[in-house]
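Here's run-v1.cif, which has mmCIF, C-alpha atoms:
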```cif
data_input
loop_
_atom_site.label_atom_id
_atom_site.label_comp_id
_atom_site.auth_asym_id
_atom_site.auth_seq_id
_atom_site.Cartn_x
_atom_site.Cartn_y
_atom_site.Cartn_z
CA MET A 735 6.44 -1.15 36.46
CA LYS A 736 8.83 1.79 36.20
CA ARG A 737 11.69 -0.49 35.21
CA ILE A 738 9.56 -2.24 32.60
CA LEU A 739 8.53 1.08 31.05
CA GLU A 740 12.09 2.42 31.11
CA ASN A 741 13.41 -0.69 29.38
CA GLY A 742 10.37 -0.91 27.09
CA LYS A 743 12.21 1.31 24.65
CA TYR A 744 14.04 -1.80 23.52
CA ALA A 745 10.77 -3.09 22.05
CA VAL A 746 11.29 -0.32 19.48
CA TYR A 747 14.11 -2.48 18.09
CA LEU A 748 11.39 -4.53 16.39
CA GLY A 749 10.26 -1.43 14.50
CA ILE A 750 13.83 -0.42 13.75
CA VAL A 751 14.83 -3.83 12.39
CA GLY A 752 11.55 -4.28 10.52
CA THR A 753 11.69 -0.90 8.78
CA PHE A 754 15.40 -1.25 8.01
CA LEU A 755 14.88 -4.67 6.40
CA ALA A 756 11.84 -3.40 4.49
CA SER A 757 13.94 -0.50 3.17
CA ILE A 758 16.71 -2.79 1.97
CA LEU A 759 14.17 -5.12 0.37
CA LEU A 760 12.54 -2.20 -1.46
CA PHE A 761 15.93 -1.02 -2.76
CA VAL A 762 16.88 -4.51 -3.97
CA LEU A 763 13.53 -5.37 -5.56
CA THR A 764 13.26 -2.00 -7.28
CA THR A 765 16.77 -2.32 -8.67
CA PHE A 766 16.05 -5.79 -10.10
CA LYS A 767 12.71 -4.60 -11.53
CA LEU A 768 14.37 -1.62 -13.25
CA LEU A 769 17.15 -3.76 -14.67
CA LYS A 770 14.64 -6.31 -16.00
CA GLU A 771 12.36 -3.69 -17.56
CA THR A 772 15.30 -1.81 -19.07
CA TYR A 773 16.59 -5.04 -20.61
CA ILE A 774 13.15 -5.90 -22.04
CA ALA A 775 12.69 -2.38 -23.45
CA VAL A 776 16.15 -2.24 -25.02
CA VAL A 777 16.39 -5.79 -26.34
CA TYR A 778 12.79 -6.72 -27.21
CA THR A 779 10.30 -3.85 -27.44
CA GLY A 780 12.28 -0.66 -27.95
CA ASP A 781 9.39 1.16 -26.26
CA LEU A 782 11.08 4.13 -24.59
CA THR A 783 7.80 5.55 -23.30
CA ALA A 784 7.16 2.39 -21.31
CA LEU A 785 10.76 2.48 -20.14
CA SER A 786 10.33 6.10 -19.00
CA ALA A 787 7.23 5.12 -17.02
CA SER A 788 9.14 2.22 -15.48
CA VAL A 789 12.04 4.44 -14.48
CA ILE A 790 9.71 6.99 -12.90
CA SER A 791 7.89 4.19 -11.10
CA GLY A 792 11.28 2.98 -9.88
CA LEU A 793 12.08 6.46 -8.59
CA ASP A 794 8.82 6.36 -6.68
CA SER A 795 9.80 3.03 -5.12
CA TYR A 796 13.29 4.29 -4.26
CA ILE A 797 11.79 7.33 -2.55
CA LEU A 798 9.51 5.05 -0.56
CA ALA A 799 12.55 2.98 0.43
CA ILE A 800 14.26 6.18 1.57
CA ILE A 801 11.24 7.14 3.67
CA VAL A 802 11.26 3.76 5.37
CA TYR A 803 15.03 4.05 5.95
CA ILE A 804 14.66 7.55 7.42
CA PHE A 805 11.93 6.22 9.69
CA SER A 806 14.20 3.41 10.86
CA ILE A 807 17.05 5.81 11.62
CA SER A 808 14.69 8.21 13.35
CA LEU A 809 13.25 5.52 15.60
CA TYR A 810 16.76 4.54 16.63
CA GLU A 811 17.78 8.13 17.36
CA LEU A 812 14.59 8.92 19.27
CA PHE A 813 14.54 5.83 21.49
CA ILE A 814 18.00 4.27 21.60
CA GLY A 815 20.89 6.64 20.87
CA ASN A 816 22.75 8.79 18.39
CA LEU A 817 23.99 7.60 15.01
CA LYS A 818 26.67 9.02 12.75
CA VAL A 819 24.42 10.38 10.02
CA PRO A 820 24.45 13.61 8.01
CA ALA A 821 23.15 16.65 9.91
CA TRP A 822 20.01 16.85 7.76
CA LEU A 823 19.08 13.32 8.87
CA VAL A 824 19.39 13.91 12.62
CA VAL A 825 16.05 13.72 14.45
CA HIS A 826 15.65 15.20 17.92
CA ASN A 827 11.90 14.75 18.41
CA LEU A 828 8.72 13.59 16.69
CA ASP A 829 8.21 17.00 15.09
CA ASP A 830 11.57 16.67 13.31
CA LEU A 831 10.49 13.25 12.05
CA LYS A 832 7.14 14.63 10.84
CA LYS A 833 8.91 17.42 8.93
CA LYS A 834 11.30 15.03 7.24
CA LEU A 835 8.56 12.59 6.31
CA SER A 836 6.28 15.39 5.08
CA SER A 837 8.93 16.72 2.72
CA VAL A 838 9.66 13.27 1.31
CA ILE A 839 5.93 12.55 0.92
CA ALA A 840 5.64 15.77 -1.11
CA LEU A 841 8.43 14.46 -3.35
CA ILE A 842 6.62 11.14 -3.79
CA LEU A 843 3.45 12.99 -4.77
CA ALA A 844 5.40 14.99 -7.37
CA VAL A 845 6.87 11.80 -8.85
CA LEU A 846 3.43 10.19 -8.83
CA PHE A 847 2.09 13.13 -10.82
CA LEU A 848 4.96 12.88 -13.30
CA LYS A 849 4.17 9.19 -13.77
CA HIS A 850 0.54 10.11 -14.44
CA VAL A 851 1.53 12.79 -16.98
CA ILE A 852 3.66 10.34 -18.94
CA LYS A 853 0.67 8.03 -19.39
CA TRP A 854 -1.55 11.05 -20.32
CA GLU A 855 -4.91 9.48 -20.99
CA ASN A 856 -7.44 12.13 -20.02
CA GLY A 857 -6.65 15.85 -19.76
CA LEU A 858 -9.44 16.71 -17.32
CA GLU A 859 -8.55 13.76 -15.09
CA THR A 860 -4.91 14.91 -15.13
CA LEU A 861 -5.99 18.42 -14.13
CA TYR A 862 -8.04 17.08 -11.20
CA PHE A 863 -5.13 14.87 -10.21
CA ALA A 864 -2.74 17.84 -10.32
CA ILE A 865 -5.10 19.95 -8.21
CA SER A 866 -5.49 17.23 -5.58
CA ILE A 867 -1.74 16.70 -5.36
CA ALA A 868 -1.13 20.46 -5.15
CA LEU A 869 -3.66 20.67 -2.32
CA MET A 870 -2.01 17.83 -0.41
CA ILE A 871 1.45 19.35 -0.83
CA GLY A 872 0.03 22.73 0.20
CA VAL A 873 -1.42 21.21 3.36
CA LEU A 874 1.92 19.58 4.21
CA ILE A 875 3.76 22.88 3.70
CA ALA A 876 1.17 24.78 5.74
CA TYR A 877 1.49 22.21 8.51
CA MET A 878 5.27 22.63 8.62
CA ILE A 879 5.01 26.44 8.64
CA VAL A 880 2.39 26.48 11.41
CA LYS A 881 4.40 23.97 13.44
CA GLU A 882 7.58 26.06 13.11
CA ASN A 883 5.79 29.29 14.04
CA PHE A 884 4.16 27.62 17.04
CA ALA A 885 7.48 26.17 18.19
CA SER A 886 9.30 29.49 17.84
CA LYS A 887 6.67 31.28 19.98
CA HIS A 888 6.82 28.69 22.76
#
```

Please render this file's structure as structure tokens.
Amino acid sequence: MKRILENGKYAVYLGIVGTFLASILLFVLTTFKLLKETYIAVVYTGDLTALSASVISGLDSYILAIIVYIFSISLYELFIGNLKVPAWLVVHNLDDLKKKLSSVIALILAVLFLKHVIKWENGLETLYFAISIALMIGVLIAYMIVKENFASKH
């Protein structure tokens, strides 16, 4: 049983390969979608507001692709071995991974709000949306601060 559990880390390869392929697919599909929508806006409609919304939506998808890629790299580093990646991308434990993912999730929420503002349909709804996003980002920041303080004391 010990040997099975020690070598069980190689089952994580499924997660690594799956998330890496999903990341690449997100990058490729988002790029094609942006190119198509840019072409349609420039050649046919001339609607720059719709193009702006499409670009911001694309940014959202690219950020999601980056999250999935970071997760793939992190799984590899946590369970298999070290990779040659920038220092800010190195993950030593699950808390490092949570911090990185939390900061990127906050960025996604900010882009999501920007996308909502561009459509601007209902001012009160936008205010509620902004408050809920601010609360979520605040919780993520508070979590990171509490986690760092707890780690530094122990």

Taking the file as shown, find all residues satisfying the PyMOL selection byres ((chain A and resi 752-754) around 12) and write them as a list of chain:residue names. A:Ala745, A:Val746, A:Tyr747, A:Leu748, A:Gly749, A:Ile750, A:Val751, A:Leu755, A:Ala756, A:Ser757, A:Ile758, A:Leu759, A:Leu760, A:Phe761, A:Leu798, A:Ala799, A:Ile800, A:Ile801, A:Val802, A:Tyr803, A:Ile804, A:Phe805, A:Ser806, A:Ile807, A:Ser808, A:Leu809, A:Tyr810

Report the residues retrieved by the PyMOL selection byres ((chain A and resi 838) around 12) from the displayed file, expressed as a PyMOL selection string. chain A and resi 794+796-805+831-837+839-845+871+874-875

Report the distance between atom CA of A:Glu811 and atom CA of A:Asp829 in Å, rounded to one decimal place.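 Calculated distance between atom CA of A:Glu811 and atom CA of A:Asp829 is 13.2 Å.
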
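With atom CA of A:Thr765 on one side and atom CA of A:Gly792 on the other, the separation reads 7.7 Å.
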
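Pairwise distance (atom CA of A:Ala775, atom CA of A:Ala864) equals 28.6 Å.
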
Nearest to A:Glu882: which of A:Asp830, A:Lys767, A:Val789, A:Trp854 is it, counting all atoms listed in the file? A:Asp830

Could you check which of A:Leu763, A:Met870, A:Ile790, A:Val777 is closest to A:His850, using only C-alpha atoms?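 Going through A:Leu763, A:Met870, A:Ile790, A:Val777 one by one, the smallest distance to A:His850 is for A:Ile790.
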
So which one's closest to A:Thr783, A:Lys881, A:Lys770, A:Lys849, A:Lys887? Using only C-alpha atoms, please.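 Checking each candidate against A:Thr783, we get A:Lys849 as the closest.
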
Residues at most 12 Å from A:Ser866, counting all atoms listed in the file, excluding those fewer than 5 positions away in the same chain, as a PyMOL selection string? chain A and resi 843-844+846-847+859-861+871-873

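For the structure in this document, the set picked by the PyMOL selection byres ((chain A and resi 786) around 12) is Leu768, Glu771, Thr772, Ala775, Val776, Gly780, Asp781, Leu782, Thr783, Ala784, Leu785, Ala787, Ser788, Val789, Ile790, Ser791, Gly792, Leu793, Leu848, Lys849, His850, Val851, Ile852 and Lys853 of chain A.
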